[in-house]
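Data from protein_25.cif: mmCIF, C-alpha atoms
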```
data_work
loop_
_atom_site.label_atom_id
_atom_site.label_comp_id
_atom_site.auth_asym_id
_atom_site.auth_seq_id
_atom_site.Cartn_x
_atom_site.Cartn_y
_atom_site.Cartn_z
CA MET A 67 -52.44 -22.84 54.54
CA ARG A 68 -49.65 -25.36 53.96
CA LEU A 69 -46.20 -23.93 53.51
CA TYR A 70 -44.96 -27.00 51.61
CA ASP A 71 -46.65 -29.16 49.01
CA LYS A 72 -44.03 -31.92 48.97
CA LEU A 73 -41.13 -33.19 51.07
CA ILE A 74 -38.06 -34.85 49.54
CA PHE A 75 -35.60 -36.72 51.75
CA VAL A 76 -32.21 -36.94 50.02
CA CYS A 77 -29.14 -39.07 50.68
CA THR A 78 -26.25 -40.09 48.48
CA SER A 79 -27.59 -43.29 46.93
CA ASN A 80 -31.23 -43.52 48.10
CA THR A 81 -30.65 -47.02 49.41
CA LEU A 82 -30.60 -46.53 53.20
CA LEU A 83 -30.91 -43.20 55.03
CA SER A 84 -33.45 -41.29 52.94
CA PRO A 85 -35.77 -44.32 52.52
CA ILE A 86 -35.73 -44.76 56.32
CA ALA A 87 -36.69 -41.08 56.76
CA GLU A 88 -39.41 -41.43 54.12
CA GLY A 89 -40.86 -44.51 55.83
CA ILE A 90 -40.88 -42.87 59.26
CA TYR A 91 -42.44 -39.67 57.94
CA CYS A 92 -45.17 -41.53 56.01
CA ALA A 93 -46.05 -43.51 59.15
CA LYS A 94 -46.14 -40.50 61.49
CA ALA A 95 -47.39 -37.57 59.41
CA GLU A 96 -51.08 -36.71 59.43
CA SER A 97 -52.99 -36.99 56.17
CA PHE A 98 -53.06 -33.19 55.76
CA MET A 99 -49.25 -33.06 55.76
CA PRO A 100 -47.31 -32.88 52.48
CA GLU A 101 -46.54 -36.07 50.58
CA ALA A 102 -42.99 -37.37 51.08
CA ILE A 103 -40.61 -39.12 48.72
CA SER A 104 -36.93 -39.99 48.90
CA ARG A 105 -34.23 -39.59 46.28
CA GLY A 106 -30.49 -40.07 45.81
CA LEU A 107 -27.80 -37.72 44.58
CA VAL A 108 -25.73 -40.37 42.81
CA VAL A 109 -27.94 -43.07 41.30
CA LEU A 110 -26.05 -44.20 38.20
CA PHE A 111 -28.33 -47.22 37.89
CA GLU A 112 -31.22 -48.40 40.01
CA GLU A 113 -30.12 -50.39 43.02
CA PRO A 114 -32.38 -52.22 45.44
CA ILE A 115 -33.19 -50.43 48.66
CA SER A 116 -31.09 -52.02 51.40
CA PRO A 117 -32.91 -54.91 53.10
CA LYS A 118 -31.94 -53.27 56.39
CA VAL A 119 -34.36 -50.41 55.62
CA ASN A 120 -37.48 -52.55 55.68
CA MET A 121 -36.09 -54.68 58.51
CA LEU A 122 -35.62 -51.56 60.66
CA LEU A 123 -38.99 -50.11 59.67
CA SER A 124 -40.86 -53.38 60.32
CA ARG A 125 -39.09 -53.82 63.67
CA HIS A 126 -40.75 -50.53 64.64
CA ASP A 127 -44.15 -51.40 63.12
CA ILE A 128 -43.67 -49.08 60.14
CA ALA A 129 -44.70 -50.11 56.64
CA PRO A 130 -41.94 -50.64 54.07
CA VAL A 131 -41.17 -47.87 51.60
CA GLU A 132 -43.19 -48.03 48.40
CA HIS A 133 -40.29 -48.01 45.92
CA PRO A 134 -38.00 -51.05 45.97
CA GLN A 135 -35.27 -49.35 43.90
CA SER A 136 -33.15 -46.24 44.34
CA ILE A 137 -34.33 -43.16 42.43
CA GLN A 138 -32.19 -40.25 41.22
CA PHE A 139 -32.98 -36.72 42.44
CA VAL A 140 -33.99 -34.56 39.47
CA LYS A 141 -34.92 -30.88 39.37
CA GLU A 142 -38.35 -31.85 37.97
CA ASP A 143 -39.20 -33.37 41.39
CA VAL A 144 -39.06 -29.88 42.90
CA THR A 145 -41.79 -27.25 42.97
CA GLU A 146 -41.60 -23.78 44.43
CA ASN A 147 -43.06 -25.14 47.69
CA THR A 148 -41.01 -28.34 48.01
CA LEU A 149 -39.11 -28.90 51.26
CA ILE A 150 -35.81 -30.71 50.56
CA LEU A 151 -34.03 -32.36 53.50
CA THR A 152 -30.61 -33.95 53.04
CA MET A 153 -29.13 -36.33 55.56
CA THR A 154 -25.77 -34.50 55.68
CA PHE A 155 -24.32 -31.06 55.09
CA PRO A 156 -22.05 -32.26 52.22
CA GLU A 157 -25.18 -33.57 50.44
CA LYS A 158 -26.81 -30.16 50.86
CA VAL A 159 -23.72 -28.50 49.38
CA GLN A 160 -23.71 -30.97 46.48
CA LEU A 161 -27.34 -30.14 45.68
CA MET A 162 -26.53 -26.41 45.72
CA GLU A 163 -23.52 -26.96 43.47
CA GLU A 164 -25.49 -29.03 40.97
CA PHE A 165 -28.80 -27.14 40.97
CA GLY A 166 -27.96 -23.69 42.33
CA GLU A 167 -29.55 -22.00 45.32
CA MET A 168 -32.89 -23.58 46.19
CA ASP A 169 -35.51 -22.27 48.55
CA ASN A 170 -36.45 -24.66 51.33
CA LEU A 171 -33.21 -26.70 51.25
CA TYR A 172 -31.93 -27.84 54.65
CA THR A 173 -30.23 -30.79 56.26
CA LEU A 174 -32.67 -32.93 58.24
CA GLY A 175 -30.88 -31.98 61.46
CA GLU A 176 -30.83 -28.29 60.60
CA PHE A 177 -34.58 -28.21 59.93
CA ALA A 178 -35.32 -30.26 63.06
CA GLY A 179 -33.13 -28.06 65.24
CA ILE A 180 -30.49 -30.75 65.83
CA GLU A 181 -27.27 -29.44 64.32
CA THR A 182 -25.59 -32.74 63.50
CA ASP A 183 -25.63 -34.92 60.41
CA VAL A 184 -27.16 -38.38 60.33
CA PRO A 185 -24.27 -40.89 60.45
CA ASP A 186 -24.24 -43.59 57.78
CA PRO A 187 -23.80 -46.98 59.50
CA TYR A 188 -22.77 -48.78 56.29
CA GLY A 189 -20.77 -51.88 57.18
CA ALA A 190 -21.19 -51.42 60.93
CA GLU A 191 -22.74 -53.77 63.47
CA GLU A 192 -26.52 -54.06 63.83
CA GLU A 193 -26.55 -51.74 66.86
CA ALA A 194 -25.21 -48.90 64.69
CA TYR A 195 -28.14 -49.32 62.29
CA GLU A 196 -30.56 -49.18 65.21
CA ARG A 197 -28.91 -46.01 66.55
CA CYS A 198 -29.09 -44.52 63.06
CA PHE A 199 -32.81 -45.35 62.90
CA GLU A 200 -33.37 -43.70 66.27
CA GLU A 201 -31.50 -40.55 65.19
CA ILE A 202 -33.52 -40.30 61.98
CA TYR A 203 -36.74 -40.98 63.92
CA GLU A 204 -35.99 -38.14 66.33
CA ARG A 205 -35.20 -35.70 63.50
CA VAL A 206 -38.28 -36.68 61.47
CA ASP A 207 -40.45 -36.33 64.57
CA MET A 208 -39.06 -32.82 65.20
CA THR A 209 -39.57 -32.00 61.51
CA ILE A 210 -43.24 -32.96 61.70
CA ILE A 211 -43.70 -30.87 64.86
CA ARG A 212 -42.08 -27.86 63.18
CA MET A 213 -44.25 -28.27 60.07
CA GLU A 214 -47.39 -28.53 62.21
CA ASP A 215 -46.37 -25.43 64.18
CA ASP A 216 -45.78 -23.54 60.91
CA LEU A 217 -49.39 -24.28 59.93
CA GLU A 218 -50.79 -22.53 63.01
#
```
For this file, write the structure as structure tokens.
Amino acid sequence: MRLYDKLIFVCTSNTLLSPIAEGIYCAKAESFMPEAISRGLVVLFEEPISPKVNMLLSRHDIAPVEHPQSIQFVKEDVTENTLILTMTFPEKVQLMEEFGEMDNLYTLGEFAGIETDVPDPYGAEEEAYERCFEEIYERVDMTIIRMEDDLE
């Protein structure tokens, strides 16, 4: 029996970190695993996903994310069995403040057993984006392992 029916990766604007996590998860997760989407906390108007997302994903032989624009997180995206993973602790707190206590809400690091937030490399050199990708990859990999273990 699956514990979760959907996985939502959340970052502030849904233009960089959460789409990277979504892309990695969709490439690595087995077909029996829950569907994954990514959303943003502050999407006042649709913005294009950062070109760096698909560049990083393609550099690692991962297909681009399926939505080219940022998408706002809305309560209607959530079911009783939705796993919600934010990239940072402040984003988790913001979700709790806006939507109240939610079951299955964690930071990506918290759920993966790595107690640090994913750093946003915005404006940094290319190496920082690659390090960010590697950190997200590690956390998503640990997330998949934990979800598979929970199924046993």
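Counting from atom CA of A:Arg197, the distance to atom CA of A:Phe139 is 26.2 Å.
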Wanna dump the stretch 102-159 of chain A-stretch 76-82 of chain A contacts at 9 Å for me, each residue with its shortest atom pair and the distance in Å to one decimal, counting only C-alpha atoms, ordered by chain and number, as JSON lines?
```
{"residue": "A:Ile103", "atom": "CA", "partner": "A:Val76", "partner_atom": "CA", "distance": 8.8}
{"residue": "A:Ser104", "atom": "CA", "partner": "A:Val76", "partner_atom": "CA", "distance": 5.7}
{"residue": "A:Arg105", "atom": "CA", "partner": "A:Val76", "partner_atom": "CA", "distance": 5.0}
{"residue": "A:Gly106", "atom": "CA", "partner": "A:Asn80", "partner_atom": "CA", "distance": 4.2}
{"residue": "A:Leu107", "atom": "CA", "partner": "A:Thr78", "partner_atom": "CA", "distance": 4.8}
{"residue": "A:Val108", "atom": "CA", "partner": "A:Ser79", "partner_atom": "CA", "distance": 5.4}
{"residue": "A:Val109", "atom": "CA", "partner": "A:Ser79", "partner_atom": "CA", "distance": 5.6}
{"residue": "A:Leu110", "atom": "CA", "partner": "A:Ser79", "partner_atom": "CA", "distance": 8.9}
{"residue": "A:Glu113", "atom": "CA", "partner": "A:Thr81", "partner_atom": "CA", "distance": 7.2}
{"residue": "A:Pro114", "atom": "CA", "partner": "A:Thr81", "partner_atom": "CA", "distance": 6.8}
{"residue": "A:Ile115", "atom": "CA", "partner": "A:Thr81", "partner_atom": "CA", "distance": 4.3}
{"residue": "A:Ser116", "atom": "CA", "partner": "A:Thr81", "partner_atom": "CA", "distance": 5.4}
{"residue": "A:Pro117", "atom": "CA", "partner": "A:Leu82", "partner_atom": "CA", "distance": 8.7}
{"residue": "A:Lys118", "atom": "CA", "partner": "A:Leu82", "partner_atom": "CA", "distance": 7.6}
{"residue": "A:Val119", "atom": "CA", "partner": "A:Leu82", "partner_atom": "CA", "distance": 5.9}
{"residue": "A:Gln135", "atom": "CA", "partner": "A:Thr81", "partner_atom": "CA", "distance": 7.6}
{"residue": "A:Ser136", "atom": "CA", "partner": "A:Asn80", "partner_atom": "CA", "distance": 5.0}
{"residue": "A:Ile137", "atom": "CA", "partner": "A:Asn80", "partner_atom": "CA", "distance": 6.5}
{"residue": "A:Gln138", "atom": "CA", "partner": "A:Asn80", "partner_atom": "CA", "distance": 7.7}
{"residue": "A:Phe139", "atom": "CA", "partner": "A:Val76", "partner_atom": "CA", "distance": 7.6}
{"residue": "A:Ile150", "atom": "CA", "partner": "A:Val76", "partner_atom": "CA", "distance": 7.2}
{"residue": "A:Leu151", "atom": "CA", "partner": "A:Val76", "partner_atom": "CA", "distance": 6.0}
{"residue": "A:Thr152", "atom": "CA", "partner": "A:Val76", "partner_atom": "CA", "distance": 4.5}
{"residue": "A:Met153", "atom": "CA", "partner": "A:Cys77", "partner_atom": "CA", "distance": 5.6}
{"residue": "A:Thr154", "atom": "CA", "partner": "A:Cys77", "partner_atom": "CA", "distance": 7.6}
{"residue": "A:Glu157", "atom": "CA", "partner": "A:Cys77", "partner_atom": "CA", "distance": 6.8}
{"residue": "A:Lys158", "atom": "CA", "partner": "A:Val76", "partner_atom": "CA", "distance": 8.7}
```
Output C-alpha atoms for every residue in that selection, as a PDB file, in the coordinates of the input.
```pdb
ATOM      1  CA  ILE A 103     -40.610 -39.120  48.720  1.00  0.00           C
ATOM      2  CA  SER A 104     -36.930 -39.990  48.900  1.00  0.00           C
ATOM      3  CA  ARG A 105     -34.230 -39.590  46.280  1.00  0.00           C
ATOM      4  CA  GLY A 106     -30.490 -40.070  45.810  1.00  0.00           C
ATOM      5  CA  LEU A 107     -27.800 -37.720  44.580  1.00  0.00           C
ATOM      6  CA  VAL A 108     -25.730 -40.370  42.810  1.00  0.00           C
ATOM      7  CA  VAL A 109     -27.940 -43.070  41.300  1.00  0.00           C
ATOM      8  CA  LEU A 110     -26.050 -44.200  38.200  1.00  0.00           C
ATOM      9  CA  GLU A 113     -30.120 -50.390  43.020  1.00  0.00           C
ATOM     10  CA  PRO A 114     -32.380 -52.220  45.440  1.00  0.00           C
ATOM     11  CA  ILE A 115     -33.190 -50.430  48.660  1.00  0.00           C
ATOM     12  CA  SER A 116     -31.090 -52.020  51.400  1.00  0.00           C
ATOM     13  CA  PRO A 117     -32.910 -54.910  53.100  1.00  0.00           C
ATOM     14  CA  LYS A 118     -31.940 -53.270  56.390  1.00  0.00           C
ATOM     15  CA  VAL A 119     -34.360 -50.410  55.620  1.00  0.00           C
ATOM     16  CA  GLN A 135     -35.270 -49.350  43.900  1.00  0.00           C
ATOM     17  CA  SER A 136     -33.150 -46.240  44.340  1.00  0.00           C
ATOM     18  CA  ILE A 137     -34.330 -43.160  42.430  1.00  0.00           C
ATOM     19  CA  GLN A 138     -32.190 -40.250  41.220  1.00  0.00           C
ATOM     20  CA  PHE A 139     -32.980 -36.720  42.440  1.00  0.00           C
ATOM     21  CA  ILE A 150     -35.810 -30.710  50.560  1.00  0.00           C
ATOM     22  CA  LEU A 151     -34.030 -32.360  53.500  1.00  0.00           C
ATOM     23  CA  THR A 152     -30.610 -33.950  53.040  1.00  0.00           C
ATOM     24  CA  MET A 153     -29.130 -36.330  55.560  1.00  0.00           C
ATOM     25  CA  THR A 154     -25.770 -34.500  55.680  1.00  0.00           C
ATOM     26  CA  GLU A 157     -25.180 -33.570  50.440  1.00  0.00           C
ATOM     27  CA  LYS A 158     -26.810 -30.160  50.860  1.00  0.00           C
TER      28      LYS A 158
END
```
* If you measure from atom CA of A:Val131 to atom CA of A:Glu204, what distance in Å do you get, rounded to one decimal? -> 18.4 Å
* Asked: What do you get, as a PyMOL selection string, if you spell out every residue that the PyMOL selection byres ((chain A and resi 168-183) around 8) selects here?
  -> chain A and resi 146-155+158+162+165-167+184-185+205-206+208-209+212
* Closest to A:Ile128 among A:Glu200, A:Glu192, A:Gly89, A:Phe75, using only C-alpha atoms? -> A:Gly89
* Structure fact -> Pairwise distance, atom CA of A:Tyr91 with atom CA of A:Ile210, equals 7.7 Å
* Quick one: everything within 6 Å of A:Lys72, counting all atoms listed in the file, minus sequence neighbours fewer than 5 positions away in the same chain. Send it as an MDAnalysis selection string. => chainID A and resid 100:102 148
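Comparing A:Leu83, A:Glu214, A:Glu196, A:Gly189 by their smallest distance to A:Phe98, the closest is A:Glu214 (using all atoms listed in the file).
Counting all atoms listed in the file, the residue from A:Leu69, A:Leu122, A:Ile74, A:Ala194 that sits nearest to A:Met99 is A:Leu69.
Checking A:Ile211, A:Glu193, A:Lys141, A:Cys92 one by one against A:Ala129, counting only C-alpha atoms, you find the shortest gap at A:Cys92.
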Around all the atoms of stretch 128-146 of chain A listed in the file, draw an axis-aligned box and extend it by 6 Å on each of the six sides; I want its centre and edge lengths in Å to one decimal, as AutoDock Vina command-line options.
```
--center_x -38.4 --center_y -37.4 --center_z 49.1 --size_x 24.5 --size_y 39.3 --size_z 34.2
```
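Ranking A:Glu164, A:Leu73, A:Tyr195, A:Ser97 by their shortest atom-to-atom distance to A:Met121, with all atoms listed in the file included, puts A:Tyr195 first.
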For stretch 175-186 of chain A, supply all heavy atoms and format the output as a PDB file, in the coordinates of the input.
```pdb
ATOM      1  N   GLY A 175     -31.201 -32.478  60.120  1.00  0.00           N
ATOM      2  CA  GLY A 175     -30.880 -31.980  61.460  1.00  0.00           C
ATOM      3  C   GLY A 175     -31.099 -30.492  61.595  1.00  0.00           C
ATOM      4  O   GLY A 175     -31.645 -30.020  62.591  1.00  0.00           O
ATOM      5  N   GLU A 176     -30.671 -29.746  60.595  1.00  0.00           N
ATOM      6  CA  GLU A 176     -30.830 -28.290  60.600  1.00  0.00           C
ATOM      7  C   GLU A 176     -32.309 -27.903  60.708  1.00  0.00           C
ATOM      8  O   GLU A 176     -32.683 -27.059  61.514  1.00  0.00           O
ATOM      9  CB  GLU A 176     -30.210 -27.755  59.304  1.00  0.00           C
ATOM     10  CG  GLU A 176     -30.313 -26.290  59.053  1.00  0.00           C
ATOM     11  CD  GLU A 176     -29.722 -25.926  57.688  1.00  0.00           C
ATOM     12  OE1 GLU A 176     -29.608 -26.772  56.780  1.00  0.00           O
ATOM     13  OE2 GLU A 176     -29.381 -24.737  57.551  1.00  0.00           O
ATOM     14  N   PHE A 177     -33.155 -28.536  59.907  1.00  0.00           N
ATOM     15  CA  PHE A 177     -34.580 -28.210  59.930  1.00  0.00           C
ATOM     16  C   PHE A 177     -35.216 -28.621  61.253  1.00  0.00           C
ATOM     17  O   PHE A 177     -36.099 -27.933  61.772  1.00  0.00           O
ATOM     18  CB  PHE A 177     -35.311 -28.886  58.755  1.00  0.00           C
ATOM     19  CG  PHE A 177     -36.701 -28.387  58.542  1.00  0.00           C
ATOM     20  CD1 PHE A 177     -36.937 -27.207  57.853  1.00  0.00           C
ATOM     21  CD2 PHE A 177     -37.795 -29.087  59.033  1.00  0.00           C
ATOM     22  CE1 PHE A 177     -38.229 -26.730  57.656  1.00  0.00           C
ATOM     23  CE2 PHE A 177     -39.089 -28.621  58.842  1.00  0.00           C
ATOM     24  CZ  PHE A 177     -39.299 -27.435  58.155  1.00  0.00           C
ATOM     25  N   ALA A 178     -34.751 -29.742  61.807  1.00  0.00           N
ATOM     26  CA  ALA A 178     -35.320 -30.260  63.060  1.00  0.00           C
ATOM     27  C   ALA A 178     -34.751 -29.562  64.293  1.00  0.00           C
ATOM     28  O   ALA A 178     -35.241 -29.772  65.395  1.00  0.00           O
ATOM     29  CB  ALA A 178     -35.058 -31.763  63.157  1.00  0.00           C
ATOM     30  N   GLY A 179     -33.732 -28.735  64.108  1.00  0.00           N
ATOM     31  CA  GLY A 179     -33.130 -28.060  65.240  1.00  0.00           C
ATOM     32  C   GLY A 179     -32.075 -28.882  65.955  1.00  0.00           C
ATOM     33  O   GLY A 179     -31.728 -28.617  67.105  1.00  0.00           O
ATOM     34  N   ILE A 180     -31.557 -29.893  65.281  1.00  0.00           N
ATOM     35  CA  ILE A 180     -30.490 -30.750  65.830  1.00  0.00           C
ATOM     36  C   ILE A 180     -29.313 -30.606  64.873  1.00  0.00           C
ATOM     37  O   ILE A 180     -29.318 -31.171  63.791  1.00  0.00           O
ATOM     38  CB  ILE A 180     -30.941 -32.224  65.915  1.00  0.00           C
ATOM     39  CG1 ILE A 180     -32.198 -32.350  66.769  1.00  0.00           C
ATOM     40  CG2 ILE A 180     -29.807 -33.095  66.457  1.00  0.00           C
ATOM     41  CD1 ILE A 180     -32.857 -33.707  66.706  1.00  0.00           C
ATOM     42  N   GLU A 181     -28.325 -29.855  65.256  1.00  0.00           N
ATOM     43  CA  GLU A 181     -27.270 -29.440  64.320  1.00  0.00           C
ATOM     44  C   GLU A 181     -26.186 -30.485  64.069  1.00  0.00           C
ATOM     45  O   GLU A 181     -25.007 -30.166  64.041  1.00  0.00           O
ATOM     46  CB  GLU A 181     -26.627 -28.144  64.829  1.00  0.00           C
ATOM     47  CG  GLU A 181     -27.542 -26.953  64.742  1.00  0.00           C
ATOM     48  CD  GLU A 181     -27.913 -26.570  63.305  1.00  0.00           C
ATOM     49  OE1 GLU A 181     -27.066 -26.672  62.409  1.00  0.00           O
ATOM     50  OE2 GLU A 181     -29.069 -26.172  63.101  1.00  0.00           O
ATOM     51  N   THR A 182     -26.568 -31.715  63.873  1.00  0.00           N
ATOM     52  CA  THR A 182     -25.590 -32.740  63.500  1.00  0.00           C
ATOM     53  C   THR A 182     -26.143 -33.529  62.320  1.00  0.00           C
ATOM     54  O   THR A 182     -27.356 -33.610  62.116  1.00  0.00           O
ATOM     55  CB  THR A 182     -25.318 -33.715  64.663  1.00  0.00           C
ATOM     56  OG1 THR A 182     -26.554 -34.314  65.075  1.00  0.00           O
ATOM     57  CG2 THR A 182     -24.668 -33.011  65.840  1.00  0.00           C
ATOM     58  N   ASP A 183     -25.231 -34.093  61.542  1.00  0.00           N
ATOM     59  CA  ASP A 183     -25.630 -34.920  60.410  1.00  0.00           C
ATOM     60  C   ASP A 183     -26.044 -36.307  60.895  1.00  0.00           C
ATOM     61  O   ASP A 183     -25.660 -36.742  61.982  1.00  0.00           O
ATOM     62  CB  ASP A 183     -24.468 -35.074  59.432  1.00  0.00           C
ATOM     63  CG  ASP A 183     -24.198 -33.805  58.642  1.00  0.00           C
ATOM     64  OD1 ASP A 183     -25.063 -32.907  58.621  1.00  0.00           O
ATOM     65  OD2 ASP A 183     -23.121 -33.722  58.029  1.00  0.00           O
ATOM     66  N   VAL A 184     -26.793 -37.000  60.046  1.00  0.00           N
ATOM     67  CA  VAL A 184     -27.160 -38.380  60.330  1.00  0.00           C
ATOM     68  C   VAL A 184     -25.983 -39.262  59.900  1.00  0.00           C
ATOM     69  O   VAL A 184     -25.569 -39.221  58.737  1.00  0.00           O
ATOM     70  CB  VAL A 184     -28.434 -38.788  59.553  1.00  0.00           C
ATOM     71  CG1 VAL A 184     -28.737 -40.264  59.758  1.00  0.00           C
ATOM     72  CG2 VAL A 184     -29.614 -37.924  59.963  1.00  0.00           C
ATOM     73  N   PRO A 185     -25.415 -40.046  60.815  1.00  0.00           N
ATOM     74  CA  PRO A 185     -24.270 -40.890  60.450  1.00  0.00           C
ATOM     75  C   PRO A 185     -24.720 -42.091  59.624  1.00  0.00           C
ATOM     76  O   PRO A 185     -25.760 -42.689  59.881  1.00  0.00           O
ATOM     77  CB  PRO A 185     -23.726 -41.335  61.810  1.00  0.00           C
ATOM     78  CG  PRO A 185     -24.916 -41.309  62.709  1.00  0.00           C
ATOM     79  CD  PRO A 185     -25.788 -40.185  62.214  1.00  0.00           C
ATOM     80  N   ASP A 186     -23.939 -42.430  58.618  1.00  0.00           N
ATOM     81  CA  ASP A 186     -24.240 -43.590  57.780  1.00  0.00           C
ATOM     82  C   ASP A 186     -23.581 -44.813  58.419  1.00  0.00           C
ATOM     83  O   ASP A 186     -22.358 -44.863  58.555  1.00  0.00           O
ATOM     84  CB  ASP A 186     -23.690 -43.372  56.380  1.00  0.00           C
ATOM     85  CG  ASP A 186     -24.138 -44.451  55.404  1.00  0.00           C
ATOM     86  OD1 ASP A 186     -24.523 -45.560  55.843  1.00  0.00           O
ATOM     87  OD2 ASP A 186     -24.093 -44.188  54.198  1.00  0.00           O
TER      88      ASP A 186
END
```
